[in-house]
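A.B. asks: I'd like to ask you about the structure that follows.
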Amino acid sequence: MRRRSFLSALSALAVSGKAAPLAHATPVRDAQVVAGTRLQFPRDFGAHPDFRIEWWYVTGWLDARDETDPRGFQITFFRARAPEETANPSRFAARQIIFAHAALADPRIGRLVHEERAAREALGLAGAGEGRTDAWLDDWRFEQAGQTGRGYRASIAAREFSLALEFDAAGEVMLQGEAGVSRKGPRPREASYYYSQPQMALRGDIVQAGVRRQVNGKAWLDHEWSSSYLAPEASGWDWTGINLADGGALTLFRMRARSGGVYYAGGTLRAADGRMRRFAPPEIRFEPLRRWRSPRTGVEYPVAMRIVAGDLDWRLEPLMDDQELDARASTGTIYWEGAVRAFANDAEVGRGYLELTGYWMAMKL
């Protein structure tokens with residue numbers, strides 16, 4: 001599920017001058033998620049510009065051939081539809097805004113290394129193509145590759161690192177929620193269209209401090225779009241996606257209530273043999289086991305979690321504590337996005353990512 005304070009970011013872009021103000025603007029009529037809709041591929045691999053928000057989110061664990069300790073990485077491209085439409089035919093008019101985040105979690109450094117960008121979808125400098133996955137911002141890109149549509153390619157050149165990775169999504173897409181309609185609250189419109197590509201094999205290169213290393217590993221792709229993602233009663237969410245050691249995959253999330261407690265929850269388990277199990281909200285629990293306070297922002301996050309879903313009772317432990325991403329310059333928020341290991345008692349059962357939002361302040365989406 002992905003996520004951020006898009007509307008505040010749009011306002012910030014307009015104020016900063018990075019996005020042209022909309023002349024003769026009228027409010028847009030956003031498309032809505034409709035229960036019972038069947039996702040259609042390859043069409044739904046691409047962008048859905050009639051919806052307010054959308055993201056392609058890739059995370060994973062990297063193993064270098066010449067090292068024993070792994071790294072984690074995150075690449076996210078966001079598309080945000082401007083809240084107003086304009087009759088201005090100029091190619092500078094901000095009808096869609098593209099944001100991108102990239103991060104590397106390296107225990108040798110001890111803190112998250114990350115970079116963020118934002119631009120109008122104009123003049124070919126940024127965009128998200130329809131019909132197939134193809135999102136770009138300047139020289140950053142995430143796209144489908146190959147004839148089968150099962151492959152993906154990412155190219156990120158940040159100041160402190162670069163990533164050139166290829167992914168093989170050999171299995172079928174994992175439809176979240178009810179056949180790809182994922183509820184985020186009790187109201188009909190509090191939902192998203194959402195699918196994942198877990199267990200993607202990856203290979204490629206990373207560059208840090210001028211040193212290039214060949215890497216391989218496992219990755220997870222989420223693609224999600226909506227116009228009414230976060231209910232006004234919700235403050236943020238906890239989400240995890242875990243590639244299981246036996247070949248299965250687990251997604252769990254909870255929307256936290258502003259008044260305290262849980263507003264809504266959901267999750268899906270795909271077993272190694274392909275069998276699917278959906279979890280109802282009462283079956284899911286996130287229980288903090290250990291908290292970490294950021295020395296930069298003062299925000300406290302529950303970086304170690306007990307997760308319960310039906311008869312599953314596991315523990316999530318971070319690759320390292322300092323995986324906070326300060327994205328106020330692009331999407332207007334601060335959040336924790338970290339590589340984690342999943343344990344059943346003391347046995348490692350999988351690796352993935354944990355996302356914690358709304359701990360700095362309540363999300364606005």
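The way I read the labels, and the way they are meant: chains A, B, ... in the order of the structure tokens, residue 1 as the first residue of every chain, and ligand 1 as the first ligand shown, with later ones counted on from there.
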Can you list every residue in region 167-316 of chain A that DSSP puts in strand (DSSP E), as a PyMOL selection string?
C.D. replies: chain A and resi 167-168+174-175+181-183+191-208+211-228+234-244+249-257+262-270+276-279+284-293+300-309+312-316
A.B. asks: Applying 12 Å and only C-alpha atoms, which residues near Met361 (chain A) remain after dropping the ones on its own chain fewer than 4 positions away? List them as a PyMOL selection string.
C.D. replies: chain A and resi 4-5+234-237+258+297-300+328+332-335+356-357
A.B. asks: Take the selection from the previous step and output its residues with N, CA and C atoms, as a PDB file, in the first residue's frame.
C.D. replies:
```pdb
ATOM      1  N   ARG A   4       1.446   8.496   1.074  1.00  0.00           N
ATOM      2  CA  ARG A   4       2.060   9.704   1.566  1.00  0.00           C
ATOM      3  C   ARG A   4       1.106  10.879   1.513  1.00  0.00           C
ATOM      4  N   SER A   5       1.614  12.048   2.000  1.00  0.00           N
ATOM      5  CA  SER A   5       0.768  13.235   2.093  1.00  0.00           C
ATOM      6  C   SER A   5       0.778  13.983   0.767  1.00  0.00           C
ATOM      7  N   ALA A 234      -8.713   8.127  10.646  1.00  0.00           N
ATOM      8  CA  ALA A 234      -7.453   7.386  10.739  1.00  0.00           C
ATOM      9  C   ALA A 234      -6.270   8.348  10.779  1.00  0.00           C
ATOM     10  N   SER A 235      -5.228   7.983  11.524  1.00  0.00           N
ATOM     11  CA  SER A 235      -4.050   8.834  11.669  1.00  0.00           C
ATOM     12  C   SER A 235      -2.868   8.368  10.840  1.00  0.00           C
ATOM     13  N   GLY A 236      -2.839   7.088  10.476  1.00  0.00           N
ATOM     14  CA  GLY A 236      -1.713   6.519   9.750  1.00  0.00           C
ATOM     15  C   GLY A 236      -1.850   5.012   9.732  1.00  0.00           C
ATOM     16  N   TRP A 237      -0.806   4.334   9.321  1.00  0.00           N
ATOM     17  CA  TRP A 237      -0.903   2.879   9.232  1.00  0.00           C
ATOM     18  C   TRP A 237       0.424   2.215   9.555  1.00  0.00           C
ATOM     19  N   ARG A 258      -7.297   7.925  14.995  1.00  0.00           N
ATOM     20  CA  ARG A 258      -6.842   9.143  15.670  1.00  0.00           C
ATOM     21  C   ARG A 258      -7.189   9.123  17.152  1.00  0.00           C
ATOM     22  N   THR A 297      14.637  13.881  14.322  1.00  0.00           N
ATOM     23  CA  THR A 297      13.282  14.447  14.344  1.00  0.00           C
ATOM     24  C   THR A 297      12.598  14.295  15.692  1.00  0.00           C
ATOM     25  N   GLY A 298      13.121  13.423  16.560  1.00  0.00           N
ATOM     26  CA  GLY A 298      12.480  13.159  17.843  1.00  0.00           C
ATOM     27  C   GLY A 298      11.277  12.249  17.759  1.00  0.00           C
ATOM     28  N   VAL A 299      10.955  11.743  16.572  1.00  0.00           N
ATOM     29  CA  VAL A 299       9.806  10.854  16.403  1.00  0.00           C
ATOM     30  C   VAL A 299      10.161   9.465  16.915  1.00  0.00           C
ATOM     31  N   GLU A 300       9.211   8.847  17.614  1.00  0.00           N
ATOM     32  CA  GLU A 300       9.407   7.499  18.164  1.00  0.00           C
ATOM     33  C   GLU A 300       8.592   6.500  17.351  1.00  0.00           C
ATOM     34  N   ARG A 328       9.838  15.463   3.841  1.00  0.00           N
ATOM     35  CA  ARG A 328       9.085  16.719   3.867  1.00  0.00           C
ATOM     36  C   ARG A 328       9.336  17.567   2.627  1.00  0.00           C
ATOM     37  N   GLY A 332       5.886  15.651   1.893  1.00  0.00           N
ATOM     38  CA  GLY A 332       5.367  16.385   3.034  1.00  0.00           C
ATOM     39  C   GLY A 332       5.217  15.598   4.316  1.00  0.00           C
ATOM     40  N   THR A 333       5.968  14.513   4.484  1.00  0.00           N
ATOM     41  CA  THR A 333       5.805  13.721   5.693  1.00  0.00           C
ATOM     42  C   THR A 333       7.127  13.098   6.118  1.00  0.00           C
ATOM     43  N   ILE A 334       7.142  12.516   7.307  1.00  0.00           N
ATOM     44  CA  ILE A 334       8.263  11.753   7.842  1.00  0.00           C
ATOM     45  C   ILE A 334       7.722  10.379   8.219  1.00  0.00           C
ATOM     46  N   TYR A 335       8.417   9.323   7.836  1.00  0.00           N
ATOM     47  CA  TYR A 335       7.934   7.978   8.134  1.00  0.00           C
ATOM     48  C   TYR A 335       9.115   7.037   8.313  1.00  0.00           C
ATOM     49  N   LEU A 356       5.835   2.382   8.733  1.00  0.00           N
ATOM     50  CA  LEU A 356       5.177   3.003   9.883  1.00  0.00           C
ATOM     51  C   LEU A 356       4.940   4.474   9.563  1.00  0.00           C
ATOM     52  N   THR A 357       3.678   4.865   9.392  1.00  0.00           N
ATOM     53  CA  THR A 357       3.360   6.248   9.049  1.00  0.00           C
ATOM     54  C   THR A 357       2.440   6.848  10.107  1.00  0.00           C
TER      55      THR A 357
END
```
A.B. asks: For each of A:Leu175, A:Leu165, A:Ala327, A:Leu250, take the minimum atom-to-atom distance to Tyr353 (chain A), counting only C-alpha atoms, then give the residue where this is smallest.
C.D. replies: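 So, comparing all the options, the nearest one is A:Leu250.
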A.B. asks: Which residues, written as a VMD selection string, have at least one atom at most 12 Å from Pro281 (chain A), with only C-alpha atoms counted and residues fewer than 6 positions away on the same chain left out?
C.D. replies: chain A and resid 177 183 to 186 252 to 255 262 to 268 308 to 310
A.B. asks: Which of these residues is nearest to Arg71 (chain A), using only C-alpha atoms: A:Asn345, A:Thr59, A:Gln144, A:Thr133?
C.D. replies: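 Selected residue with least distance to Arg71 (chain A): A:Thr59.
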A.B. asks: Between A:Ala103, A:Val211, A:Ile97, A:Ile284, which one has atoms that come closest to Ile307 (chain A), using only C-alpha atoms?
C.D. replies: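 Of the candidates, the smallest distance to Ile307 (chain A) is held by A:Ile284.
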A.B. asks: Running DSSP on the backbone, which parts of region 13-251 of chain A land in helix (DSSP H, G or I), as a list in words?
C.D. replies: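 So the helix (DSSP H, G or I) residues in region 13-251 of chain A would be Leu13, Ala14, Val15, Ser16, Arg43, Asp44 and Phe45 of chain A.
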A.B. asks: Just to be explicit: take each residue in the selection above, keep C-alpha atoms, and write the result as a PDB file, in the first residue's frame.
C.D. replies:
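File written: again.pdb
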```
ATOM      1  CA  LEU A  13       5.015  22.509  -5.044  1.00  0.00           C
ATOM      2  CA  ALA A  14       2.676  25.291  -6.061  1.00  0.00           C
ATOM      3  CA  VAL A  15       4.009  27.594  -3.344  1.00  0.00           C
ATOM      4  CA  SER A  16       7.635  26.829  -4.181  1.00  0.00           C
ATOM      5  CA  ARG A  43      -3.725  -2.794 -18.674  1.00  0.00           C
ATOM      6  CA  ASP A  44      -3.582  -2.463 -14.892  1.00  0.00           C
ATOM      7  CA  PHE A  45       0.197  -2.715 -14.779  1.00  0.00           C
TER       8      PHE A  45
END
```
A.B. asks: CA of Ala219 (chain A) to CA of Leu319 (chain A): how many Å, to one decimal?
C.D. replies: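 Going from CA of Ala219 (chain A) over to CA of Leu319 (chain A), I get 15.3 Å.
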A.B. asks: Using CA of Ser192 (chain A) and CA of Gln32 (chain A) as the two end points, give the distance in Å to one decimal.
C.D. replies: 8.5 Å
